[in-house]
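*Asks:* Input: one structure, supplied below.
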Amino acid sequence: MFVGDSMTVGSAGDYTWRYRMWQHLNASYGGPYRIVGPRRELYDPAADAAGSLDYGDPGFPERARAHLAGWGEGWLHMAPLIAEAVRKGKADTLLVSLGLIDLGFYTNAEQTADNVRRFLAEARTANPRIRAVLMPVLHNVRAMAEPDFAAEVERFNELLGKIVADLAEPASPLLLASPPEGWDTHRDTYDGTHPSAAGEHRIAAAFADAMHQAWDVGGPYEG
């Protein structure tokens, strides 16, 4: 299950990094798998709401579009939703990219970290053997322009690493993904935050390589 904010849900016309991961798994994963989640839509800027199915590739199958991601949603919003989503989807693996919206509008680093712990606890109530890969918050244009915000992002990322170390269990492993290699805000986003095609590949690669290296899932990303 893909869990995320606007960088994960994508906007009308986007391919999304979820699509890039689906392509990667089709090419490299040797067994059957399902992508699960309660939502299918992209964000529709014209309506200022979720509801678009206008993916960059119209051949992206409906069954693979599943996710739990939302424009303007963060750890704060997903923690109350994750248990039901895991239970209904029978998810066993979460790929999570959250935090920027929390730090930007709702909570400081410590409060956001508390919501990460709540999220993981809730997910484990639905599946005690759930495993998860967590992406650090990537610096965006605001972090580049505002040193205080950049410091808050770095503080949260430090706390996220500690959470992974503290809460990882043999039966329910957690991974902290490495930030996408060579991430460049100018090249890898189209507006300073949301991923361009190049950024989509880099985010998918960070998740794919973490799963391959730690769990031998799929192969190295070659998208």
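Residue numbering restarts at 1 for every chain of the structure tokens, chains are lettered A, B, ... in their displayed order, and ligands are numbered from 1 as they appear.
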Quick one: residues within 10 Å of stretch 53-66 of chain A, only C-alpha atoms counted, chain neighbours fewer than 6 positions away excluded, as a PyMOL selection string?
*Replies:* chain A and resi 1-3+9-16+18-19+22-23+34-44+89
*Asks:* Apply DSSP to the backbone of this structure and, from stretch 1-209 of chain A, keep only the residues in strand (DSSP E or B); write these as a PyMOL selection string.
*Replies:* chain A and resi 2-4+11+39+42-44+49-52+67-69+93-97+131-134+169+172+174-176+189+195
*Asks:* Could the residues in this selection be saved with N, CA and C atoms as a compact mmCIF listing (two decimals), in the first residue's frame?
*Replies:*
# COMPACT_ATOMS: atom_id res chain seq x y z
N PHE A 2 0.60 2.15 -0.93
CA PHE A 2 1.28 3.44 -0.99
C PHE A 2 0.54 4.42 -0.09
N VAL A 3 1.26 5.08 0.82
CA VAL A 3 0.66 6.05 1.73
C VAL A 3 1.43 7.35 1.59
N GLY A 4 0.72 8.45 1.34
CA GLY A 4 1.45 9.69 1.16
C GLY A 4 0.58 10.91 1.04
N SER A 11 -1.29 14.69 -9.34
CA SER A 11 -2.28 15.61 -9.89
C SER A 11 -2.69 15.14 -11.28
N ARG A 39 -8.33 4.23 -2.08
CA ARG A 39 -8.51 5.32 -3.04
C ARG A 39 -7.88 4.95 -4.38
N LEU A 42 -6.56 10.75 -8.55
CA LEU A 42 -5.57 11.83 -8.48
C LEU A 42 -6.26 13.09 -7.97
N TYR A 43 -5.46 14.07 -7.61
CA TYR A 43 -5.99 15.39 -7.28
C TYR A 43 -6.37 16.12 -8.56
N ASP A 44 -7.51 16.80 -8.54
CA ASP A 44 -7.99 17.57 -9.68
C ASP A 44 -7.86 19.06 -9.36
N ALA A 49 -9.94 19.24 -5.51
CA ALA A 49 -10.34 18.06 -4.75
C ALA A 49 -9.87 16.81 -5.47
N ALA A 50 -9.84 15.70 -4.75
CA ALA A 50 -9.58 14.42 -5.41
C ALA A 50 -10.75 14.10 -6.33
N GLY A 51 -10.49 13.33 -7.36
CA GLY A 51 -11.58 12.96 -8.24
C GLY A 51 -11.16 12.68 -9.67
N SER A 52 -9.93 13.04 -10.04
CA SER A 52 -9.48 12.81 -11.40
C SER A 52 -8.94 11.39 -11.56
N HIS A 67 -4.37 3.29 -3.50
CA HIS A 67 -3.45 4.01 -2.61
C HIS A 67 -4.21 4.54 -1.40
N LEU A 68 -3.47 5.03 -0.42
CA LEU A 68 -4.01 5.84 0.66
C LEU A 68 -3.16 7.10 0.70
N ALA A 69 -3.49 8.04 -0.16
CA ALA A 69 -2.73 9.29 -0.27
C ALA A 69 -3.70 10.42 -0.55
N THR A 93 2.67 -4.68 3.43
CA THR A 93 3.82 -3.78 3.24
C THR A 93 3.30 -2.37 2.98
N LEU A 94 3.86 -1.40 3.68
CA LEU A 94 3.51 0.01 3.48
C LEU A 94 4.72 0.76 2.95
N LEU A 95 4.52 1.54 1.90
CA LEU A 95 5.54 2.47 1.40
C LEU A 95 5.02 3.86 1.70
N VAL A 96 5.68 4.56 2.62
CA VAL A 96 5.11 5.78 3.19
C VAL A 96 6.01 6.98 2.93
N SER A 97 5.41 8.02 2.37
CA SER A 97 6.10 9.30 2.16
C SER A 97 5.20 10.41 2.68
N ARG A 131 5.01 -4.65 7.57
CA ARG A 131 6.35 -4.07 7.41
C ARG A 131 6.19 -2.76 6.65
N ALA A 132 7.14 -1.85 6.86
CA ALA A 132 6.99 -0.53 6.27
C ALA A 132 8.34 0.07 5.91
N VAL A 133 8.34 0.79 4.79
CA VAL A 133 9.49 1.61 4.39
C VAL A 133 9.06 3.06 4.51
N LEU A 134 9.81 3.85 5.27
CA LEU A 134 9.46 5.24 5.53
C LEU A 134 10.47 6.15 4.84
N GLU A 169 10.80 -4.38 14.61
CA GLU A 169 10.73 -5.68 15.27
C GLU A 169 10.97 -6.77 14.22
N SER A 172 7.82 -7.42 12.55
CA SER A 172 7.23 -6.25 11.90
C SER A 172 8.34 -5.26 11.58
N LEU A 174 10.82 -2.41 10.01
CA LEU A 174 10.72 -1.05 9.49
C LEU A 174 12.03 -0.68 8.83
N LEU A 175 11.94 0.04 7.72
CA LEU A 175 13.12 0.54 7.03
C LEU A 175 13.02 2.05 6.87
N LEU A 176 14.12 2.73 7.04
CA LEU A 176 14.22 4.15 6.68
C LEU A 176 14.88 4.22 5.31
N THR A 189 11.44 18.28 -9.48
CA THR A 189 10.09 18.74 -9.21
C THR A 189 9.68 19.70 -10.33
N PRO A 195 6.88 16.00 -7.64
CA PRO A 195 7.87 15.39 -8.52
C PRO A 195 7.53 15.50 -10.00
*Asks:* For atom CA of A:Asp209 and atom CA of A:Ser28, determine how far apart the two atoms are, in Å to one decimal place.
*Replies:*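 It comes out at 11.5 Å.
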*Asks:* Tell me, as a list of chain:residue names, which residues lie within 7 Å of stretch 120-126 of chain A, counting only C-alpha atoms; anything in the same chain fewer than 3 positions away does not count.
*Replies:*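 Using only C-alpha atoms, the neighbours found are A:Ala79, A:Ile82, A:Ala83, A:Val86, A:Arg87, A:Val116, A:Arg117, A:Arg129, A:Ile130.
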*Asks:* Using the selection just defined, write its residues with C-alpha atoms as a short mmCIF file (atom, residue, chain, number, x, y, z; two decimals), in the first residue's frame.
*Replies:*
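Written file, selection39.cif:
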data_model
loop_
_atom_site.label_atom_id
_atom_site.label_comp_id
_atom_site.auth_asym_id
_atom_site.auth_seq_id
_atom_site.Cartn_x
_atom_site.Cartn_y
_atom_site.Cartn_z
CA ALA A 79 -2.91 7.85 11.50
CA ILE A 82 -4.42 3.37 8.44
CA ALA A 83 -5.81 0.52 10.56
CA VAL A 86 -4.67 -2.19 6.24
CA ARG A 87 -7.45 -4.42 7.50
CA VAL A 116 4.32 8.60 13.19
CA ARG A 117 4.32 6.43 16.30
CA ARG A 129 3.32 -8.45 11.01
CA ILE A 130 3.06 -5.35 8.83
#
*Asks:* Out of A:Ser6, A:Asn108, A:Asn140, A:Asn127, which residue has the shortest atom-to-atom distance to A:Gly74 when counting only C-alpha atoms?
*Replies:*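 Nearest candidate to A:Gly74 out of A:Ser6, A:Asn108, A:Asn140, A:Asn127: A:Ser6.
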*Asks:* Which neighbours of A:Met144 fall inside 12 Å, counting only C-alpha atoms, when residues of the same chain fewer than 2 positions from it are skipped, and could you give them as JSON, numbers by chain?
*Replies:* {"A": [138, 139, 140, 141, 142, 146, 147, 148, 149, 150, 151, 153, 184, 185, 186, 192, 193]}
*Asks:* Can you pull out every residue from stretch 61-215 of chain A that DSSP, working from the backbone, puts in alpha helix (DSSP H), and format the result as a ChimeraX atom specification?
*Replies:* /A:75-78,82-89,100-101,109-126,141-145,147-167,185-188,197-215
*Asks:* Fewer than 6 positions away in the same chain doesn't count, so skip those; otherwise give me all residues within 8 Å of A:Gly199, counting only C-alpha atoms, as a list in words.
*Replies:*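 So the residues in contact are Trp17, Trp183, Arg187, Asp188 and Thr189 of chain A.
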*Asks:* Could you write out the selected residues, including N, CA and C atoms, as a compact mmCIF listing (two decimals), in the first residue's frame?
*Replies:*
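Okay, result.txt is ready:
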# COMPACT_ATOMS: atom_id res chain seq x y z
N TRP A 17 4.81 8.47 -8.92
CA TRP A 17 5.86 7.48 -8.59
C TRP A 17 5.23 6.12 -8.28
N TRP A 183 18.88 13.92 -5.57
CA TRP A 183 17.65 14.72 -5.64
C TRP A 183 17.98 16.19 -5.85
N ARG A 187 15.35 20.08 -10.94
CA ARG A 187 15.16 19.06 -11.98
C ARG A 187 14.07 18.06 -11.63
N ASP A 188 13.98 17.71 -10.35
CA ASP A 188 13.15 16.59 -9.94
C ASP A 188 11.76 16.98 -9.46
N THR A 189 11.44 18.28 -9.48
CA THR A 189 10.09 18.74 -9.21
C THR A 189 9.68 19.70 -10.33
*Asks:* For a test of reading the model, state the distance in Å between atom CA of A:Arg202 and atom CA of A:Pro45, rounded to one decimal.
*Replies:*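 That distance, rounded to one decimal, is 24.2 Å.
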*Asks:* Quick one: pull the distance between atom CA of A:Ala145 and atom CA of A:Phe207, Å, one decimal.
*Replies:* 27.3 Å
*Asks:* With distances taken over only C-alpha atoms, which residue among A:Tyr33, A:Phe119, A:Phe156, A:Tyr221 lies nearest A:Met78?
*Replies:*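 The shortest atom-to-atom distance to A:Met78 comes from A:Phe119.
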